[in-house]
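Have a look at start-v9.txt; it's compact mmCIF, C-alpha atoms and all ligand atoms:
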```txt
# COMPACT_ATOMS: atom_id res chain seq x y z
CA MET A 1364 22.14 69.36 79.42
CA SER A 1365 20.71 72.76 80.23
CA ARG A 1366 21.43 75.02 83.15
CA MET A 1367 19.05 77.29 84.96
CA LYS A 1368 19.62 80.96 84.33
CA MET A 1369 20.06 82.88 87.58
CA GLU A 1370 17.04 85.08 88.22
CA GLU A 1371 17.81 88.81 88.04
CA THR A 1372 16.56 89.36 91.61
CA ASP A 1373 19.05 86.75 92.91
CA LEU A 1374 21.82 88.14 90.73
CA ASN A 1375 21.27 91.61 92.16
CA LYS A 1376 21.88 90.28 95.68
CA LEU A 1377 25.45 89.35 94.74
CA SER A 1378 28.40 91.69 95.22
CA PHE A 1379 29.74 93.73 92.29
CA GLU A 1380 32.73 91.37 91.96
CA SER A 1381 30.51 88.27 91.68
CA LYS A 1382 28.03 89.92 89.33
CA ALA A 1383 30.90 90.90 87.06
CA VAL A 1384 32.03 87.33 86.40
CA TYR A 1385 28.53 85.93 86.00
CA PHE A 1386 26.74 85.97 82.72
CA SER A 1387 23.65 84.02 81.86
CA PRO A 1388 24.68 80.91 79.94
CA GLU A 1389 22.91 79.86 76.79
CA GLU A 1390 20.06 77.57 77.79
CA ASP A 1391 21.15 74.88 75.33
CA SER A 1392 24.92 75.05 75.67
CA GLN A 1393 27.48 74.01 78.25
CA SER A 1394 29.65 77.00 77.49
CA ILE A 1395 31.03 79.04 80.37
CA SER A 1396 32.17 81.72 77.94
CA ALA A 1397 29.62 83.72 75.97
CA PRO A 1398 29.30 82.96 72.26
CA ILE A 1399 29.86 85.69 69.67
CA TYR A 1400 27.10 86.13 67.12
CA MET A 1401 29.03 87.47 64.14
CA SER A 1402 25.92 87.95 62.08
CA SER A 1403 24.60 91.20 60.66
CA ASN A 1404 21.45 89.61 59.28
CA PHE A 1405 18.92 87.29 60.90
CA GLU A 1406 16.60 84.73 59.43
CA TYR A 1407 12.83 85.01 59.82
CA ASP A 1408 10.28 82.27 60.00
CA LYS A 1409 6.57 82.84 59.59
CA SER A 1410 5.97 83.64 63.27
CA ILE A 1411 8.97 85.99 63.50
CA TYR A 1412 7.85 87.66 60.28
CA GLN A 1413 4.40 88.19 61.82
CA ARG A 1414 5.86 89.58 65.07
CA VAL A 1415 8.03 92.06 63.16
CA ILE A 1416 5.23 93.32 60.93
CA ASP A 1417 2.97 93.59 64.00
CA GLY A 1418 5.56 96.03 65.35
CA GLU A 1419 6.86 93.77 68.12
CA ARG A 1420 10.55 94.45 68.09
CA LYS A 1421 11.70 93.42 71.53
CA ASP A 1422 13.40 90.00 71.57
CA VAL A 1423 13.32 89.68 67.78
CA ASN A 1424 16.61 89.75 65.93
CA ILE A 1425 16.30 91.63 62.66
CA TYR A 1426 19.58 93.30 61.75
CA THR A 1427 22.66 94.05 63.88
CA ARG A 1428 22.28 97.83 63.62
CA CYS A 1429 19.01 97.29 65.53
CA GLY A 1430 20.44 94.77 67.99
CA ASN A 1431 22.45 91.56 68.24
CA PRO A 1432 22.52 88.76 70.86
CA SER A 1433 26.18 89.48 71.73
CA GLU A 1434 25.26 93.10 72.32
CA TYR A 1435 22.34 92.04 74.56
CA LYS A 1436 24.68 89.91 76.70
CA PHE A 1437 26.97 92.89 77.29
CA GLU A 1438 23.96 95.14 77.97
CA ASP A 1439 22.58 92.64 80.52
CA GLN A 1440 25.94 92.57 82.26
CA MET A 1441 26.23 96.37 82.33
CA LYS A 1442 22.67 96.68 83.59
CA VAL A 1443 23.47 94.73 86.75
CA LEU A 1444 26.86 96.41 87.22
CA GLU A 1445 25.45 99.94 86.89
CA GLY A 1446 22.32 99.12 88.94
CA ALA A 1447 20.26 100.27 85.95
CA ASP A 1448 16.69 99.63 84.86
CA ASP A 1449 17.89 99.33 81.28
CA CYS A 1450 21.08 99.51 79.29
CA LEU A 1451 22.11 100.08 75.66
CA ALA A 1452 25.53 99.40 74.15
CA THR A 1453 26.95 101.56 71.37
CA ALA A 1454 29.94 101.63 69.03
CA SER A 1455 31.90 104.14 71.16
CA GLY A 1456 31.51 106.56 74.04
CA MET A 1457 30.73 109.37 71.60
CA ALA A 1458 28.07 107.19 69.94
CA ALA A 1459 26.50 106.73 73.40
CA ILE A 1460 26.53 110.49 74.04
CA SER A 1461 25.14 111.39 70.58
CA THR A 1462 22.47 108.68 70.80
CA VAL A 1463 21.22 109.84 74.17
CA LEU A 1464 21.19 113.55 73.29
CA PHE A 1465 19.46 112.82 69.96
CA ALA A 1466 16.77 110.83 71.79
CA LEU A 1467 16.28 113.36 74.57
CA LEU A 1468 16.43 116.83 73.03
CA LYS A 1469 14.58 118.96 70.52
CA ALA A 1470 14.97 122.52 69.19
CA GLY A 1471 14.34 125.07 71.93
CA ASP A 1472 15.76 122.91 74.75
CA HIS A 1473 18.47 124.20 77.05
CA ILE A 1474 21.30 122.25 78.72
CA ILE A 1475 23.46 123.15 81.70
CA GLY A 1476 26.86 121.51 81.28
CA ASP A 1477 30.10 121.55 83.20
CA TRP A 1478 32.77 123.55 81.40
CA THR A 1479 35.34 120.76 81.82
CA THR A 1480 33.35 118.10 79.93
CA TYR A 1481 35.34 115.87 77.54
CA SER A 1482 36.50 117.98 74.58
CA SER A 1483 34.42 116.26 71.86
CA THR A 1484 31.31 116.48 74.05
CA HIS A 1485 32.04 120.14 74.74
CA GLU A 1486 32.53 120.80 71.03
CA MET A 1487 29.24 119.08 70.21
CA LEU A 1488 27.30 121.00 72.86
CA ASP A 1489 28.98 124.33 72.12
CA HIS A 1490 28.76 124.20 68.31
CA ARG A 1491 26.96 121.30 66.61
CA TRP A 1492 23.84 121.26 68.78
CA THR A 1493 23.44 125.04 68.56
CA ASP A 1494 22.89 124.55 64.79
CA PHE A 1495 19.79 122.56 65.76
CA GLY A 1496 18.49 125.19 68.19
CA ILE A 1497 19.75 123.54 71.37
CA GLU A 1498 21.74 125.83 73.62
CA THR A 1499 24.14 124.96 76.45
CA THR A 1500 25.26 127.15 79.33
CA PHE A 1501 28.63 126.01 80.69
CA VAL A 1502 29.28 126.41 84.40
CA ASP A 1503 31.39 124.99 87.19
CA THR A 1504 29.06 122.31 88.58
CA THR A 1505 30.97 122.17 91.88
CA ASP A 1506 29.38 125.59 92.53
CA LEU A 1507 25.63 125.03 92.93
CA SER A 1508 24.91 128.79 92.84
CA MET A 1509 26.34 128.92 89.28
CA VAL A 1510 24.14 126.00 88.29
CA GLU A 1511 21.08 127.70 89.80
CA LYS A 1512 21.83 130.96 87.99
CA ALA A 1513 22.18 129.15 84.64
CA LYS A 1514 18.70 127.62 84.86
CA LYS A 1515 16.14 128.76 82.30
CA ASP A 1516 12.48 127.91 81.82
CA ASN A 1517 13.47 125.54 79.01
CA THR A 1518 16.32 123.77 80.85
CA LYS A 1519 15.85 120.10 80.14
CA LEU A 1520 19.19 118.54 81.04
CA LEU A 1521 22.09 118.86 83.46
CA TYR A 1522 25.27 117.27 82.02
CA VAL A 1523 28.13 116.35 84.38
CA GLU A 1524 31.09 114.00 84.64
CA THR A 1525 31.80 112.02 87.83
CA ILE A 1526 35.51 112.84 87.69
CA ALA A 1527 36.34 115.54 85.15
CA ASN A 1528 39.35 115.96 82.91
CA PRO A 1529 42.09 117.01 83.69
CA THR A 1530 41.88 118.42 87.23
CA MET A 1531 39.88 115.39 88.42
CA LYS A 1532 37.13 117.72 89.52
CA VAL A 1533 34.46 116.00 91.61
CA PRO A 1534 31.04 117.68 91.58
CA SER A 1535 28.61 116.47 94.23
CA ILE A 1536 26.27 114.26 92.24
CA LYS A 1537 23.95 113.97 95.26
CA LYS A 1538 23.51 117.77 95.57
CA LEU A 1539 23.14 118.28 91.82
CA VAL A 1540 20.53 115.51 91.52
CA LYS A 1541 18.52 116.94 94.43
CA TRP A 1542 18.49 120.41 92.89
CA ALA A 1543 17.81 119.17 89.34
CA HIS A 1544 14.96 116.86 90.31
CA GLU A 1545 13.31 119.60 92.39
CA ASN A 1546 13.31 121.58 89.14
CA GLY A 1547 12.18 118.73 86.86
CA ILE A 1548 15.58 118.60 85.12
CA ILE A 1549 17.06 115.29 83.89
CA VAL A 1550 20.61 114.53 85.06
CA LEU A 1551 23.07 112.84 82.69
CA CYS A 1552 26.45 111.76 84.04
CA ASP A 1553 29.49 110.66 82.03
CA ASN A 1554 31.10 108.07 84.32
CA THR A 1555 34.04 107.22 82.02
CA PHE A 1556 36.85 108.45 84.30
CA ALA A 1557 35.42 106.54 87.25
CA SER A 1558 33.98 103.25 85.83
CA PRO A 1559 31.09 101.49 87.59
CA TRP A 1560 33.46 99.91 90.11
CA VAL A 1561 34.48 103.36 91.40
CA SER A 1562 31.09 105.06 91.09
CA ARG A 1563 27.53 104.12 90.22
CA PRO A 1564 25.81 107.47 89.64
CA LEU A 1565 22.39 105.85 89.09
CA GLU A 1566 22.51 104.80 92.75
CA LEU A 1567 23.04 108.48 93.64
CA GLY A 1568 19.87 109.43 91.75
CA VAL A 1569 21.21 110.25 88.27
CA ASP A 1570 18.75 109.47 85.45
CA ILE A 1571 21.18 108.55 82.66
CA VAL A 1572 24.78 107.34 82.78
CA VAL A 1573 27.02 107.25 79.71
CA GLU A 1574 30.40 105.58 79.65
CA SER A 1575 33.14 105.22 77.12
CA ALA A 1576 33.56 101.46 77.59
CA THR A 1577 36.70 101.88 75.47
CA LYS A 1578 38.41 102.91 78.70
CA PHE A 1579 38.32 101.02 82.03
CA ILE A 1580 35.51 98.61 81.10
CA GLY A 1581 37.47 97.26 78.11
CA GLY A 1582 40.66 97.89 80.04
CA HIS A 1583 43.29 96.79 77.51
CA SER A 1584 43.40 99.58 74.85
CA ASP A 1585 42.12 97.16 72.22
CA VAL A 1586 38.41 97.87 71.76
CA LEU A 1587 35.93 100.73 71.27
CA GLY A 1588 32.50 100.78 72.83
CA GLY A 1589 29.97 102.80 74.76
CA VAL A 1590 27.20 102.27 77.28
CA ILE A 1591 24.01 104.11 78.14
CA ALA A 1592 22.41 103.04 81.44
CA VAL A 1593 19.13 104.52 82.67
CA LYS A 1594 16.88 104.63 85.73
CA TYR A 1595 13.23 105.35 85.13
CA GLY A 1596 11.39 107.96 87.18
CA LEU A 1597 11.79 111.32 85.54
CA LEU A 1598 12.36 109.35 82.33
CA LYS A 1599 9.40 107.36 81.08
CA ASP A 1600 9.87 103.59 80.98
CA ASP A 1601 9.61 103.49 77.17
CA PHE A 1602 12.68 105.76 76.88
CA MET A 1603 15.14 102.94 76.17
CA TYR A 1604 12.87 101.40 73.55
CA TYR A 1605 12.51 104.82 71.92
CA MET A 1606 16.26 105.43 72.15
CA ARG A 1607 17.12 102.11 70.46
CA TRP A 1608 14.59 102.39 67.65
CA ASN A 1609 14.43 106.12 67.01
CA SER A 1610 17.93 107.24 67.91
CA LEU A 1611 20.58 104.48 67.85
CA THR A 1612 19.29 102.70 64.75
CA LYS A 1613 18.86 106.03 62.91
CA LEU A 1614 22.25 107.52 63.87
CA GLY A 1615 23.85 104.14 63.21
CA GLY A 1616 26.21 103.87 66.18
CA ALA A 1617 25.63 100.16 66.80
CA ILE A 1618 28.36 98.15 68.51
CA SER A 1619 30.02 95.29 66.64
CA PRO A 1620 29.24 91.84 68.14
CA PHE A 1621 32.96 91.16 68.55
CA ASN A 1622 33.47 94.40 70.49
CA ALA A 1623 30.47 93.64 72.70
CA TRP A 1624 32.05 90.26 73.48
CA MET A 1625 35.44 91.87 74.24
CA LEU A 1626 33.75 94.32 76.61
CA LEU A 1627 31.79 91.53 78.33
CA ARG A 1628 35.15 89.87 78.91
CA GLY A 1629 36.55 93.15 80.24
CA CYS A 1630 33.76 93.35 82.83
CA GLN A 1631 34.95 90.13 84.44
CA THR A 1632 38.26 91.63 85.58
CA LEU A 1633 37.07 95.21 86.06
CA SER A 1634 37.02 95.08 89.86
CA LEU A 1635 40.49 93.50 90.11
CA ARG A 1636 41.98 96.00 87.69
CA MET A 1637 40.31 99.01 89.31
CA GLU A 1638 41.23 97.97 92.84
CA ARG A 1639 44.90 97.79 91.85
CA SER A 1640 44.83 100.94 89.69
CA CYS A 1641 43.12 103.03 92.39
CA SER A 1642 45.55 101.94 95.10
CA ASN A 1643 48.46 102.59 92.68
CA ALA A 1644 47.04 106.05 91.92
CA MET A 1645 47.05 107.01 95.59
CA LYS A 1646 50.67 105.86 96.02
CA LEU A 1647 51.79 107.70 92.88
CA ALA A 1648 49.95 110.88 93.94
CA LYS A 1649 51.76 110.84 97.30
CA TYR A 1650 55.13 110.26 95.62
CA LEU A 1651 54.54 113.13 93.19
CA GLU A 1652 53.44 115.43 96.02
CA GLY A 1653 56.84 114.82 97.57
CA ARG A 1654 58.81 115.90 94.47
CA LYS A 1655 59.96 119.51 94.55
CA GLU A 1656 59.81 119.76 90.72
CA VAL A 1657 56.07 119.04 90.83
CA ARG A 1658 54.06 122.20 91.31
CA ARG A 1659 50.77 120.57 92.05
CA VAL A 1660 49.08 117.16 92.08
CA TRP A 1661 45.38 116.71 91.32
CA TYR A 1662 44.00 113.50 92.81
CA PRO A 1663 40.66 113.34 94.67
CA GLY A 1664 42.24 111.02 97.24
CA LEU A 1665 44.62 113.75 98.44
CA GLU A 1666 43.47 116.14 101.17
CA SER A 1667 44.85 118.97 99.04
CA HIS A 1668 42.31 118.27 96.28
CA PRO A 1669 39.33 120.68 96.33
CA GLY A 1670 36.92 117.76 95.80
CA HIS A 1671 38.38 115.54 98.54
CA GLU A 1672 35.44 115.79 100.98
CA THR A 1673 32.87 115.11 98.23
CA ALA A 1674 35.02 112.27 96.89
CA LYS A 1675 35.26 110.67 100.36
CA ASP A 1676 31.48 110.52 100.42
CA GLU A 1677 30.63 109.77 96.78
CA ILE A 1678 33.69 108.01 95.24
CA PRO A 1679 35.57 106.62 98.26
CA THR A 1680 38.03 104.62 96.15
CA PHE A 1681 38.99 107.97 94.48
CA GLY A 1682 39.55 106.49 91.00
CA ALA A 1683 42.57 105.71 88.89
CA MET A 1684 43.04 109.08 87.17
CA LEU A 1685 45.34 111.83 88.40
CA ALA A 1686 47.28 114.77 87.04
CA PHE A 1687 50.34 116.74 88.05
CA GLU A 1688 51.98 119.92 86.92
CA VAL A 1689 55.62 120.64 86.12
CA GLU A 1690 57.05 123.99 85.12
CA THR A 1691 56.49 123.99 81.36
CA GLU A 1692 54.86 122.05 78.55
CA GLU A 1693 58.34 121.37 77.14
CA LEU A 1694 59.43 119.75 80.40
CA ALA A 1695 56.20 117.71 80.54
CA VAL A 1696 56.85 116.38 77.02
CA ASP A 1697 60.53 115.65 77.81
CA ILE A 1698 59.54 113.68 80.90
CA LEU A 1699 56.97 111.61 78.98
CA ASP A 1700 59.40 111.06 76.13
CA SER A 1701 61.88 109.61 78.62
CA THR A 1702 59.67 107.10 80.40
CA ARG A 1703 60.46 103.46 79.64
CA LEU A 1704 57.50 101.56 81.05
CA ILE A 1705 54.83 104.26 81.03
CA SER A 1706 53.20 105.00 77.65
CA PHE A 1707 52.91 108.53 76.26
CA ALA A 1708 49.45 108.15 74.69
CA GLY A 1709 46.17 110.01 74.25
CA SER A 1710 43.64 107.57 75.65
CA LEU A 1711 43.14 106.14 79.13
CA GLY A 1712 41.75 103.27 81.15
CA SER A 1713 44.25 100.55 80.28
CA VAL A 1714 46.12 97.95 82.34
CA ARG A 1715 49.17 99.91 81.22
CA THR A 1716 49.90 103.32 82.74
CA THR A 1717 49.39 105.98 80.07
CA CYS A 1718 50.05 109.72 80.25
CA GLN A 1719 49.25 112.71 78.11
CA VAL A 1720 49.66 116.49 78.14
CA PRO A 1721 46.06 117.79 78.29
CA SER A 1722 46.73 121.42 77.23
CA THR A 1723 48.10 120.34 73.84
CA MET A 1724 46.37 116.98 73.42
CA ALA A 1725 42.82 116.58 74.81
CA PHE A 1726 42.28 120.36 74.96
CA LEU A 1727 44.28 121.45 71.89
CA ASP A 1728 41.35 123.28 70.26
CA VAL A 1729 40.16 125.00 73.44
CA PRO A 1730 40.89 128.78 73.58
CA GLN A 1731 43.51 129.83 76.15
CA GLU A 1732 41.11 131.88 78.31
CA GLN A 1733 38.85 128.85 78.58
CA LYS A 1734 41.81 126.66 79.55
CA ASP A 1735 42.72 129.20 82.22
CA ALA A 1736 39.15 129.10 83.58
CA MET A 1737 39.35 125.28 83.69
CA SER A 1738 42.77 125.39 85.47
CA ILE A 1739 44.41 123.56 82.55
CA ARG A 1740 48.07 124.50 82.82
CA ASP A 1741 50.64 124.03 80.04
CA GLY A 1742 52.93 121.82 82.14
CA MET A 1743 50.21 119.45 83.23
CA ILE A 1744 50.59 115.67 82.78
CA ARG A 1745 47.50 113.48 83.05
CA VAL A 1746 48.08 109.95 84.31
CA SER A 1747 45.79 106.99 83.74
CA MET A 1748 47.05 104.53 86.32
CA GLY A 1749 47.62 100.95 85.22
CA VAL A 1750 47.96 97.73 87.19
CA GLU A 1751 51.76 97.41 87.11
CA ASP A 1752 53.84 97.16 90.27
CA ILE A 1753 53.69 100.70 91.63
CA ASP A 1754 57.38 100.64 92.62
CA ASP A 1755 58.31 100.10 88.96
CA ILE A 1756 56.09 103.00 87.88
CA ILE A 1757 57.51 105.31 90.54
CA ALA A 1758 61.06 104.28 89.52
CA ASP A 1759 60.18 105.11 85.90
CA PHE A 1760 58.85 108.58 86.80
CA ASP A 1761 61.86 109.06 89.06
CA GLN A 1762 64.41 108.39 86.30
CA ALA A 1763 62.47 110.48 83.75
CA ILE A 1764 62.08 113.48 86.10
CA ASN A 1765 65.70 113.22 87.31
CA LYS A 1766 66.94 113.18 83.71
CA HIS A 1767 65.39 116.58 82.99
CA CYS A 1768 65.40 118.29 86.41
CA LYS A 1769 68.94 118.54 87.64
C1 LIG A 1801 35.07 111.43 79.58
C2 LIG A 1801 34.96 110.86 78.20
N1 LIG A 1801 33.75 110.71 77.66
C3 LIG A 1801 33.59 110.21 76.41
C4 LIG A 1801 34.68 109.86 75.65
C5 LIG A 1801 34.47 109.33 74.25
O1 LIG A 1801 34.67 107.95 74.22
P1 LIG A 1801 35.06 107.16 72.88
O2 LIG A 1801 36.45 107.54 72.53
O3 LIG A 1801 34.88 105.73 73.25
O4 LIG A 1801 34.09 107.62 71.82
C6 LIG A 1801 35.97 110.00 76.17
C7 LIG A 1801 37.16 109.63 75.35
O5 LIG A 1801 38.28 109.86 75.72
C8 LIG A 1801 36.11 110.52 77.48
O6 LIG A 1801 37.33 110.70 78.03
```
Would it be possible to restate this file's structure as structure tokens?
Amino acid sequence: MSRMKMEETDLNKLSFESKAVYFSPEEDSQSISAPIYMSSNFEYDKSIYQRVIDGERKDVNIYTRCGNPSEYKFEDQMKVLEGADDCLATASGMAAISTVLFALLKAGDHIIGDWTTYSSTHEMLDHRWTDFGIETTFVDTTDLSMVEKAKKDNTKLLYVETIANPTMKVPSIKKLVKWAHENGIIVLCDNTFASPWVSRPLELGVDIVVESATKFIGGHSDVLGGVIAVKYGLLKDDFMYYMRWNSLTKLGGAISPFNAWMLLRGCQTLSLRMERSCSNAMKLAKYLEGRKEVRRVWYPGLESHPGHETAKDEIPTFGAMLAFEVETEELAVDILDSTRLISFAGSLGSVRTTCQVPSTMAFLDVPQEQKDAMSIRDGMIRVSMGVEDIDDIIADFDQAINKHCK
């Protein structure tokens, strides 16, 4: 018995929540869960052999570093969730970022990047890429005049994050895209801190979205993966083909079939998890704002956040990431060491609430003056909100803060 695959045009009419649980079944199976193709190698027959030597690589399985059916299933799912023209899955978020930059840039190109980009991205732009003759000017992308001033004749790319670490900075993607496109500059947005349920930057005009699927898309701290989603316009419509064959397969950052399957599974509960985590984040932010020991809370959903107005317009669910500041780094570590339910851990985007101290963890290698410019304070705690009962999380913070703040 075979089932009809839903046409993409019909699929796109569904809501995000419905699209996320749908995947196209195998034509010849009755399975309602996707199969995993744990194969690195694929068998040819005479016609496949001919297609490969004729240079036709689309829809032909050759070798998993070049593509795998489990990967394609996840890519198809992400394509509809991101509202993309095309999508590519990678081994990690950093593999997605390296793959896209390797495909896009050449010696002599210039990038404008936000100075709060994820530390490994920042490191790559600030050091590694300069060795290849690609220069980046770092600015505060919430200030369009700084972005304008940084522009050079060879500026090819504007690199931003939807919600940036650790102050949850929210640049206006709409304004940046308008300015960049008027100047023929491609816009790349790292949407990791938001997830496609909170924000779909391609719908705001961005050309390329990268995500660490390791975070909210996977959602359970048990898998690594990355996604590149593109909209054609400024980018030519052979860009994805070029990126797969000349960048991903050469750099080698292919996703494992098992991880692609895990991430496809993660997509199905993304909206439920994000809805809970975002509403929890707002409640926690309000609780923390009420504690006298807390110097400041950074959450785009709070009126006190500098990006609140932009967030209301562009990310109205405000996301599941927040940060707060206590007096010292020592106190921050003591509080996190005393939580019972909340995990003291580096990564983010899990069903479990996790916290870290950005100044000595994510931003350990960043010079102090740069941290000051980014408003990264020593006593800051970054919270990745989970799906637990918020009263239990607040009670856990309450006991941990009370223990150390008499
Ligand atoms: C904003 C952001 N982008 C990219 C990455 C890299 O993702 P991955 O660890 O999956 O390589 C991270 C990881 O924490 C991140 O926070």
*Counting all atoms listed in the file, the residue of A:Asp1600, A:Ala1466, A:Met1531, A:Ser1706 that sits nearest Leu1665 of chain A*: A:Met1531
As JSON, please: the centre and edge lengths in Å, to one decimal, of an axis-aligned box enclosing every listed atom of segment 1463-1474 of chain A with 8 Å added on each side.
```
{"center_x": 17.8, "center_y": 117.5, "center_z": 74.0, "size_x": 23.0, "size_y": 31.2, "size_z": 25.5}
```
Would you tabulate, counting all atoms listed in the file, all residues of segment 1700-1758 of chain A that have an atom at most 12 Å from an atom of segment 1541-1559 of chain A, showing the closest pair of atoms and their distance in Å to one decimal, sorted by chain then ascending number, as a tab-separated table?
```
residue	atom	partner	partner_atom	distance
A:Ser1710	CA	A:Phe1556	CA	11.0
A:Leu1711	CA	A:Phe1556	CA	8.5
A:Gly1712	CA	A:Phe1556	CA	7.8
A:Ser1713	CA	A:Phe1556	CA	11.5
A:Arg1745	CA	A:Phe1556	CA	11.8
A:Val1746	CA	A:Phe1556	CA	11.3
A:Ser1747	CA	A:Phe1556	CA	9.1
A:Met1748	CA	A:Phe1556	CA	11.1
```
Please write the residues from the selection above to a file, keeping C-alpha atoms, as an mmCIF file, in the frame of the given file.
```cif
data_model
loop_
_atom_site.group_PDB
_atom_site.id
_atom_site.type_symbol
_atom_site.label_atom_id
_atom_site.label_comp_id
_atom_site.auth_asym_id
_atom_site.auth_seq_id
_atom_site.Cartn_x
_atom_site.Cartn_y
_atom_site.Cartn_z
ATOM 1 C CA SER A 1710 43.640 107.570 75.650
ATOM 2 C CA LEU A 1711 43.140 106.140 79.130
ATOM 3 C CA GLY A 1712 41.750 103.270 81.150
ATOM 4 C CA SER A 1713 44.250 100.550 80.280
ATOM 5 C CA ARG A 1745 47.500 113.480 83.050
ATOM 6 C CA VAL A 1746 48.080 109.950 84.310
ATOM 7 C CA SER A 1747 45.790 106.990 83.740
ATOM 8 C CA MET A 1748 47.050 104.530 86.320
#
```
*Taking into account only C-alpha atoms, which residue in the set A:Val1729, A:Ile1497, A:Val1443, A:Val1523 is nearest to Lys1594 of chain A?*
A:Val1443
*Using only C-alpha atoms, which residue out of A:Asp1408, A:Asp1489, A:Asp1516, A:Glu1438 lies closest to Ile1618 of chain A?*
A:Glu1438
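Proximity of A:Lys1382, A:Arg1659, A:Lys1409, A:Lys1532 to ligand LIG 1801 (chain A), computed with only C-alpha atoms and all ligand atoms, is greatest for A:Lys1532.
With only C-alpha atoms and all ligand atoms as the basis for measurement, A:Gly1456 is the residue among A:Gly1709, A:Gly1476, A:Gly1568, A:Gly1456 that approaches ligand LIG 1801 (chain A) most closely.
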*From the list A:Ala1644, A:Asp1417, A:Met1724, A:Val1590, which residue is nearest Ser1455 of chain A when using only C-alpha atoms?*
A:Val1590
Using only C-alpha atoms and all ligand atoms, I'd like a table of the residues in chain A that come within 9 Å of ligand LIG 1801 (chain A); for each, show the closest atom pair and its distance in Å rounded to one decimal, ordered by chain and ascending number, as a tab-separated table.
```
residue	atom	partner	partner_atom	distance
A:Ala1454	CA	A:LIG1801	O3	7.7
A:Ser1455	CA	A:LIG1801	O3	4.0
A:Gly1456	CA	A:LIG1801	O1	3.5
A:Met1457	CA	A:LIG1801	O4	3.8
A:Ala1458	CA	A:LIG1801	O4	6.3
A:Ala1459	CA	A:LIG1801	O4	7.8
A:Ile1460	CA	A:LIG1801	C3	7.5
A:Thr1480	CA	A:LIG1801	C1	6.9
A:Tyr1481	CA	A:LIG1801	C1	4.9
A:Ser1482	CA	A:LIG1801	C8	8.0
A:Ser1483	CA	A:LIG1801	C5	7.3
A:Thr1484	CA	A:LIG1801	C3	7.1
A:Glu1524	CA	A:LIG1801	C1	6.9
A:Thr1525	CA	A:LIG1801	C1	8.9
A:Ile1526	CA	A:LIG1801	C1	8.2
A:Ala1527	CA	A:LIG1801	C1	7.0
A:Asn1528	CA	A:LIG1801	C1	7.1
A:Asp1553	CA	A:LIG1801	N1	6.1
A:Asn1554	CA	A:LIG1801	C1	7.0
A:Thr1555	CA	A:LIG1801	C1	5.0
A:Phe1556	CA	A:LIG1801	C1	5.9
A:Val1573	CA	A:LIG1801	N1	7.8
A:Glu1574	CA	A:LIG1801	N1	6.4
A:Ser1575	CA	A:LIG1801	O1	4.3
A:Ala1576	CA	A:LIG1801	O3	6.2
A:Thr1577	CA	A:LIG1801	O3	4.8
A:Lys1578	CA	A:LIG1801	O3	7.1
A:Val1586	CA	A:LIG1801	O3	8.7
A:Leu1587	CA	A:LIG1801	O3	5.5
A:Gly1588	CA	A:LIG1801	O3	5.5
A:Gly1589	CA	A:LIG1801	O3	5.9
A:Gly1709	CA	A:LIG1801	O5	8.0
A:Ser1710	CA	A:LIG1801	O5	5.8
A:Leu1711	CA	A:LIG1801	O5	7.0
A:Ala1725	CA	A:LIG1801	O5	8.2
```
_Shell of 12 Å around Ser1403 of chain A, all atoms listed in the file, local chain residues under 5 positions omitted, as a ChimeraX atom specification_ = /A:1424-1434,1617-1621
Please save C-alpha atoms of the selected residues as a PDB file, in the frame of the given file.
```pdb
ATOM      1  CA  ASN A1424      16.610  89.750  65.930  1.00  0.00           C
ATOM      2  CA  ILE A1425      16.300  91.630  62.660  1.00  0.00           C
ATOM      3  CA  TYR A1426      19.580  93.300  61.750  1.00  0.00           C
ATOM      4  CA  THR A1427      22.660  94.050  63.880  1.00  0.00           C
ATOM      5  CA  ARG A1428      22.280  97.830  63.620  1.00  0.00           C
ATOM      6  CA  CYS A1429      19.010  97.290  65.530  1.00  0.00           C
ATOM      7  CA  GLY A1430      20.440  94.770  67.990  1.00  0.00           C
ATOM      8  CA  ASN A1431      22.450  91.560  68.240  1.00  0.00           C
ATOM      9  CA  PRO A1432      22.520  88.760  70.860  1.00  0.00           C
ATOM     10  CA  SER A1433      26.180  89.480  71.730  1.00  0.00           C
ATOM     11  CA  GLU A1434      25.260  93.100  72.320  1.00  0.00           C
ATOM     12  CA  ALA A1617      25.630 100.160  66.800  1.00  0.00           C
ATOM     13  CA  ILE A1618      28.360  98.150  68.510  1.00  0.00           C
ATOM     14  CA  SER A1619      30.020  95.290  66.640  1.00  0.00           C
ATOM     15  CA  PRO A1620      29.240  91.840  68.140  1.00  0.00           C
ATOM     16  CA  PHE A1621      32.960  91.160  68.550  1.00  0.00           C
TER      17      PHE A1621
END
```
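Between atom CA of His1485 of chain A and atom CA of His1583 of chain A the interatomic distance comes to 26.1 Å.
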*asked:* Please report the interatomic distance between atom CA of Ser1722 of chain A and atom CA of Ala1708 of chain A in Å with one decimal.
replied: 13.8 Å
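Note that atom CA of Val1660 of chain A and atom CA of Leu1694 of chain A are 15.8 Å apart.
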*Compile the contact shell of segment 1670-1676 of chain A as an MDAnalysis selection string: residues with an atom at most 8 Å away, counting only C-alpha atoms, same-chain residues fewer than 4 positions apart removed.*
chainID A and resid 1532:1535 1663:1666 1680:1681
*asked:* Please list as a ChimeraX atom specification every residue within 7 Å of Met1737 of chain A, counting only C-alpha atoms and excluding residues in the same chain fewer than 3 positions away.
replied: /A:1479,1733-1734
*So which residues touch Ser1381 of chain A within 12 Å, counting all atoms listed in the file, skipping near sequence neighbours fewer than 3 positions away, as a VMD selection string?*
chain A and resid 1373 to 1378 1384 to 1386 1440 1443 to 1444 1630 to 1635
